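Structure file data-v7.cif (mmCIF, C-alpha atoms and all ligand atoms) follows.
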```cif
data_target
loop_
_atom_site.label_atom_id
_atom_site.label_comp_id
_atom_site.auth_asym_id
_atom_site.auth_seq_id
_atom_site.Cartn_x
_atom_site.Cartn_y
_atom_site.Cartn_z
CA MET E 15 0.00 0.00 0.00
CA ALA E 16 1.44 3.36 -1.06
CA ASP E 17 0.08 5.25 1.92
CA LYS E 18 1.89 4.31 5.06
CA ARG E 19 0.28 6.83 7.38
CA ALA E 20 -3.43 7.30 7.91
CA VAL E 21 -5.37 9.72 10.08
CA TYR E 22 -8.43 8.59 12.00
CA PRO E 23 -10.20 11.83 12.98
CA GLY E 24 -13.09 12.21 15.35
CA SER E 25 -14.53 13.90 18.39
CA PHE E 26 -13.86 10.82 20.57
CA ASP E 27 -16.27 12.29 23.12
CA PRO E 28 -15.65 9.77 24.62
CA ILE E 29 -13.68 7.01 22.88
CA THR E 30 -15.72 3.78 22.76
CA ASN E 31 -14.86 0.15 22.08
CA GLY E 32 -16.32 0.74 18.61
CA HIS E 33 -13.57 3.31 17.95
CA LEU E 34 -11.02 0.84 19.33
CA ASP E 35 -12.29 -1.83 16.96
CA ILE E 36 -11.71 0.54 14.01
CA ILE E 37 -8.27 1.48 15.37
CA GLU E 38 -7.29 -2.21 15.56
CA ARG E 39 -8.39 -2.77 11.97
CA SER E 40 -6.60 0.39 10.79
CA ARG E 41 -3.30 -0.46 12.39
CA ARG E 42 -3.26 -3.79 10.54
CA LEU E 43 -3.68 -1.93 7.22
CA PHE E 44 -1.35 1.02 7.71
CA ASP E 45 2.16 1.39 9.10
CA GLU E 46 1.13 4.35 11.20
CA VAL E 47 -2.24 5.53 12.41
CA VAL E 48 -2.65 9.01 13.84
CA LEU E 49 -5.74 9.58 15.95
CA GLY E 50 -6.74 13.20 15.44
CA ILE E 51 -9.08 14.44 18.14
CA LEU E 52 -11.05 17.47 17.01
CA GLU E 53 -10.82 20.54 19.20
CA ASN E 54 -13.75 22.57 17.98
CA PRO E 55 -14.09 26.01 19.58
CA GLU E 56 -17.58 26.35 18.03
CA LYS E 57 -18.99 23.31 19.80
CA VAL E 58 -19.04 22.54 23.51
CA PRO E 59 -18.07 18.90 23.95
CA VAL E 60 -19.25 16.79 26.87
CA PHE E 61 -15.68 16.05 27.89
CA PRO E 62 -13.05 18.77 27.46
CA ILE E 63 -10.21 18.14 25.05
CA ALA E 64 -7.65 17.35 27.80
CA GLN E 65 -9.86 14.59 29.20
CA ARG E 66 -10.64 13.14 25.77
CA LEU E 67 -6.94 13.15 24.95
CA ASP E 68 -6.02 11.37 28.19
CA ALA E 69 -8.75 8.77 27.67
CA VAL E 70 -7.66 8.03 24.10
CA ARG E 71 -3.98 7.86 25.10
CA GLU E 72 -4.76 5.42 27.90
CA ALA E 73 -6.95 3.28 25.63
CA VAL E 74 -4.29 2.89 22.93
CA ALA E 75 -1.26 2.60 25.23
CA GLY E 76 0.85 -0.28 23.97
CA MET E 77 -0.31 0.01 20.34
CA ASP E 78 3.11 0.81 18.93
CA ASN E 79 2.01 2.17 15.54
CA VAL E 80 -0.76 4.39 16.89
CA SER E 81 -0.21 7.99 17.98
CA VAL E 82 -2.63 10.49 19.44
CA ASP E 83 -2.93 14.17 18.64
CA THR E 84 -5.46 17.02 18.59
CA PHE E 85 -6.34 19.31 15.73
CA LYS E 86 -8.31 22.47 15.02
CA GLY E 87 -9.64 23.76 11.73
CA LEU E 88 -9.98 21.84 8.52
CA LEU E 89 -9.25 18.14 8.51
CA VAL E 90 -7.55 18.33 5.09
CA ASP E 91 -5.12 20.95 6.45
CA TYR E 92 -4.37 18.62 9.32
CA LEU E 93 -3.66 15.79 6.87
CA ASP E 94 -1.19 18.06 5.05
CA HIS E 95 0.43 18.82 8.38
CA GLN E 96 0.71 15.08 9.10
CA ASN E 97 1.91 14.36 5.56
CA ALA E 98 -0.91 11.86 5.18
CA ARG E 99 -3.35 11.21 2.34
CA VAL E 100 -5.77 8.76 3.91
CA ILE E 101 -8.67 9.52 6.23
CA ILE E 102 -10.13 6.57 8.11
CA ARG E 103 -13.75 6.62 9.15
CA GLY E 104 -15.81 3.91 10.78
CA ILE E 105 -19.16 3.25 9.21
CA ARG E 106 -21.92 1.40 10.99
CA ALA E 107 -25.46 1.40 9.71
CA VAL E 108 -26.83 2.85 6.49
CA SER E 109 -27.81 5.90 8.54
CA ASP E 110 -24.12 6.86 8.86
CA PHE E 111 -23.69 6.82 5.14
CA GLU E 112 -25.20 10.14 4.11
CA TYR E 113 -23.17 12.23 6.56
CA GLU E 114 -19.99 10.27 5.86
CA PHE E 115 -20.51 10.50 2.10
CA GLN E 116 -20.96 14.28 2.31
CA MET E 117 -17.80 14.67 4.38
CA ALA E 118 -15.76 12.41 2.11
CA MET E 119 -16.91 14.28 -1.00
CA MET E 120 -16.24 17.69 0.57
CA ASN E 121 -12.79 16.61 1.70
CA ARG E 122 -12.08 15.28 -1.79
CA ARG E 123 -13.18 18.59 -3.27
CA LEU E 124 -10.94 20.48 -0.86
CA ARG E 125 -7.94 18.20 -1.50
CA SER E 126 -8.19 15.95 -4.55
CA GLY E 127 -5.31 13.68 -3.47
CA ILE E 128 -6.94 12.67 -0.21
CA GLU E 129 -8.97 9.46 0.03
CA THR E 130 -11.40 8.39 2.73
CA VAL E 131 -11.29 4.72 3.67
CA PHE E 132 -14.37 3.35 5.43
CA LEU E 133 -14.01 0.45 7.80
CA MET E 134 -16.81 -1.48 9.46
CA PRO E 135 -16.57 -2.44 13.12
CA SER E 136 -17.53 -5.82 14.46
CA GLU E 137 -21.30 -6.27 14.56
CA THR E 138 -20.98 -6.19 18.37
CA TYR E 139 -20.51 -2.44 18.08
CA PHE E 140 -22.82 -1.67 15.19
CA PHE E 141 -25.32 0.13 17.44
CA LEU E 142 -22.74 1.92 19.57
CA SER E 143 -22.10 5.66 19.55
CA SER E 144 -20.56 8.14 21.99
CA GLN E 145 -23.91 9.90 22.16
CA LEU E 146 -25.74 6.73 23.21
CA VAL E 147 -23.07 6.00 25.79
CA HIS E 148 -23.74 9.41 27.37
CA GLU E 149 -27.46 8.91 27.32
CA VAL E 150 -27.34 5.46 28.88
CA ALA E 151 -24.71 6.39 31.48
CA SER E 152 -26.56 9.56 32.49
CA LEU E 153 -29.74 7.53 33.05
CA GLY E 154 -28.00 4.92 35.17
CA GLY E 155 -27.54 2.19 32.56
CA ASP E 156 -24.45 0.00 32.54
CA VAL E 157 -22.02 0.64 29.68
CA THR E 158 -19.39 -1.85 30.86
CA GLY E 159 -17.88 -3.61 27.83
CA LEU E 160 -18.80 -0.74 25.52
CA VAL E 161 -16.08 1.71 26.56
CA PRO E 162 -12.52 1.28 27.81
CA PRO E 163 -12.11 1.04 31.62
CA GLY E 164 -10.76 4.61 31.95
CA VAL E 165 -13.88 5.98 30.27
CA LEU E 166 -16.11 4.08 32.70
CA GLY E 167 -14.46 6.09 35.48
CA MET E 168 -14.90 9.36 33.57
CA LEU E 169 -18.59 8.61 33.05
CA ALA E 170 -19.10 7.67 36.70
CA ARG E 171 -17.62 11.01 37.76
CA LYS E 172 -19.63 12.90 35.16
CA TYR E 173 -22.93 11.24 36.03
CA PRO E 174 -22.90 10.45 39.76
CA ARG E 175 -26.72 10.45 39.80
CA GLY E 176 -26.69 7.87 37.06
CA ARG E 177 -24.62 5.61 39.23
CA SER E 178 -26.81 5.98 42.29
CA ARG E 179 -29.92 5.27 40.23
CA ARG E 180 -28.33 2.05 39.05
CA LYS E 181 -27.80 0.85 42.62
CA ARG E 182 -31.45 1.12 43.48
O1 LIG T 201 -16.46 11.81 15.59
P1 LIG T 201 -17.14 12.80 14.69
O2 LIG T 201 -17.73 13.93 15.51
O3 LIG T 201 -18.15 12.18 13.78
O4 LIG T 201 -15.98 13.44 13.77
C1 LIG T 201 -16.26 14.46 12.86
C2 LIG T 201 -14.97 15.05 12.25
C3 LIG T 201 -14.00 15.48 13.35
C4 LIG T 201 -14.29 14.01 11.40
C5 LIG T 201 -15.40 16.26 11.37
O5 LIG T 201 -16.24 17.09 12.11
C6 LIG T 201 -14.22 17.09 10.88
O6 LIG T 201 -13.42 16.64 10.09
N1 LIG T 201 -14.09 18.34 11.39
C7 LIG T 201 -13.01 19.23 11.04
C8 LIG T 201 -13.53 20.44 10.23
C9 LIG T 201 -13.61 20.10 8.77
O7 LIG T 201 -12.65 19.76 8.12
N2 LIG T 201 -14.85 20.18 8.27
C10 LIG T 201 -15.13 19.86 6.89
C11 LIG T 201 -15.20 18.35 6.70
S1 LIG T 201 -16.32 17.97 5.48
#
```
Just give me the structure of the file as structure tokens.
Amino acid sequence: MADKRAVYPGSFDPITNGHLDIIERSRRLFDEVVLGILENPEKVPVFPIAQRLDAVREAVAGMDNVSVDTFKGLLVDYLDHQNARVIIRGIRAVSDFEYEFQMAMMNRRLRSGIETVFLMPSETYFFLSSQLVHEVASLGGDVTGLVPPGVLGMLARKYPRGRSRRKR
């Protein structure tokens, strides 16, 4: 494969086991995978960038060809900065397709040499999203097995009421 380095961008708010599944697949295809966590001043994330960064770093510790970084601004500019030409995106259900297709086409328009590679996670994670994780955790549901252990702690601290409801 001509492209040795790929960028997997995302909000990772928080990282889930679905993301980790895509990371595992990516690192078998590419020599180097850079996880680019979006720092978007326009949007208030649930977890601040420093916490998301720590959680991603902890989750991929020991994956020797995976590095973690943050970026602001246009993704294609970040790819230039990383000297990469491949964007990795995970795709789950058909419902992801329209948004992902729009982004891939816009990125291609902005930088014709950049390709988006879509990977599918294991069916175990087909329903999983960061947004659902927040919803379930905030309402006291158990998300064990869906997020890395460090994120379980972050969620427990973020949603203490959720935890107490679960104990009832
Ligand atoms: O995990 P997400 O929130 O689905 O990731 C979305 C992300 C970070 C890939 C996307 O919002 C992005 O690339 N933002 C950077 C700004 C940009 O380049 N926008 C134009 C892309 S079409």
Using the file's own x, y and z axes, so that the box edges lie along x, y and z, what centre and edge lengths in Å (one decimal) does a box around every listed atom of ligand LIG 201 (chain T) get when 5 Å is added on each side? Give it as lines of an AutoDock Vina configuration file.
```
center_x = -15.4
center_y = 16.1
center_z = 10.5
size_x = 15.5
size_y = 18.6
size_z = 20.1
```
Would you mind telling me which residue in E:Phe141, E:Phe26, E:Tyr173, E:Phe61 lies nearest to ligand LIG 201 (chain T) when using all atoms listed in the file?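 Among the listed residues, E:Phe26 lies closest to ligand LIG 201 (chain T).
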Residue contacts of segment 62-71 of chain E (9 Å, only C-alpha atoms) excluding same-chain residues fewer than 2 positions away, as a list in words: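 Once the nearby chain positions are removed, what remains is Ser25, Phe26, Asp27, Pro28, Ile29, Leu49, Ile51, Leu52, Glu53, Val58, Pro59, Val60, Ala73, Val74, Ala75, Ser81, Val82, Asp83, Thr84, Pro162, Gly164, Val165 and Met168 of chain E.
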Within-6 Å residues of ligand LIG 201 (chain T), basis all atoms listed in the file, as an MDAnalysis selection string: chainID E and resid 23:26 52 87:89 117 120:121
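Rounded to one decimal, atom CA of Arg171 of chain E and atom CA of Asn54 of chain E lie 23.2 Å from each other.
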Restricting the calculation to all atoms listed in the file: of E:Tyr113, E:Asp156, E:Thr130, E:Asn79, which residue gets closest to Arg99 of chain E?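 Of E:Tyr113, E:Asp156, E:Thr130, E:Asn79, the one nearest Arg99 of chain E is E:Thr130, counting all atoms listed in the file.
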In Å, rounded to a single decimal, give me how far atom CA of Lys18 of chain E is from atom CA of Glu137 of chain E.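 Atom-to-atom, atom CA of Glu137 of chain E to atom CA of Lys18 of chain E, that is 27.2 Å.
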So which one's closest to Leu146 of chain E, E:Tyr22, E:Thr30, E:Asn97, E:Tyr92? Using only C-alpha atoms, please. E:Thr30
Could you name the residues that touch Arg42 of chain E at 12 Å or less, counting only C-alpha atoms, but leaving out those on the same chain fewer than 4 positions away, as number ranges by chain? E: 15, 18-20, 35-38, 46-47, 77-80, 133
Please measure the separation of atom CA of Asp45 of chain E and atom CA of Phe132 of chain E, giving the value in Å to one decimal. 17.0 Å
Step by step: start from the point (-28.6, -0.1, 12.6) in the file's coordinates, keep every protein, DNA or RNA residue that has an atom no farther than 9 Å from it, count all atoms listed in the file, and write the set as a list in words.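 Checking each residue against the 9 Å limit leaves Arg106, Ala107, Val108, Ser109, Phe140 and Phe141 of chain E.
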Could you check which of E:Val150, E:Ser143, E:Arg41, E:Asp91 is closest to Arg125 of chain E, using only C-alpha atoms?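 Closest to Arg125 of chain E of all the choices is E:Asp91.
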Counting only C-alpha atoms, the option among E:Gly159, E:Lys86, E:Arg123, E:His95 closest to Glu56 of chain E: E:Lys86
Rank nothing, just name the residue among E:Val21, E:Val90, E:Leu166, E:Ile105 nearest to Leu124 of chain E, using only C-alpha atoms. E:Val90
If you count all atoms listed in the file, which residues fall within 10 Å of Val131 of chain E, apart from same-chain ones fewer than 3 positions away, as a PyMOL selection string? chain E and resi 20+22+40+100-105+118+128
Which residues come within 9 Å of Leu160 of chain E, counting all atoms listed in the file, excluding same-chain residues fewer than 4 positions away, as a list in words?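 Non-adjacent residues within range: Thr30, Asn31, Gly32, Tyr139, Leu142 and Val147 of chain E.
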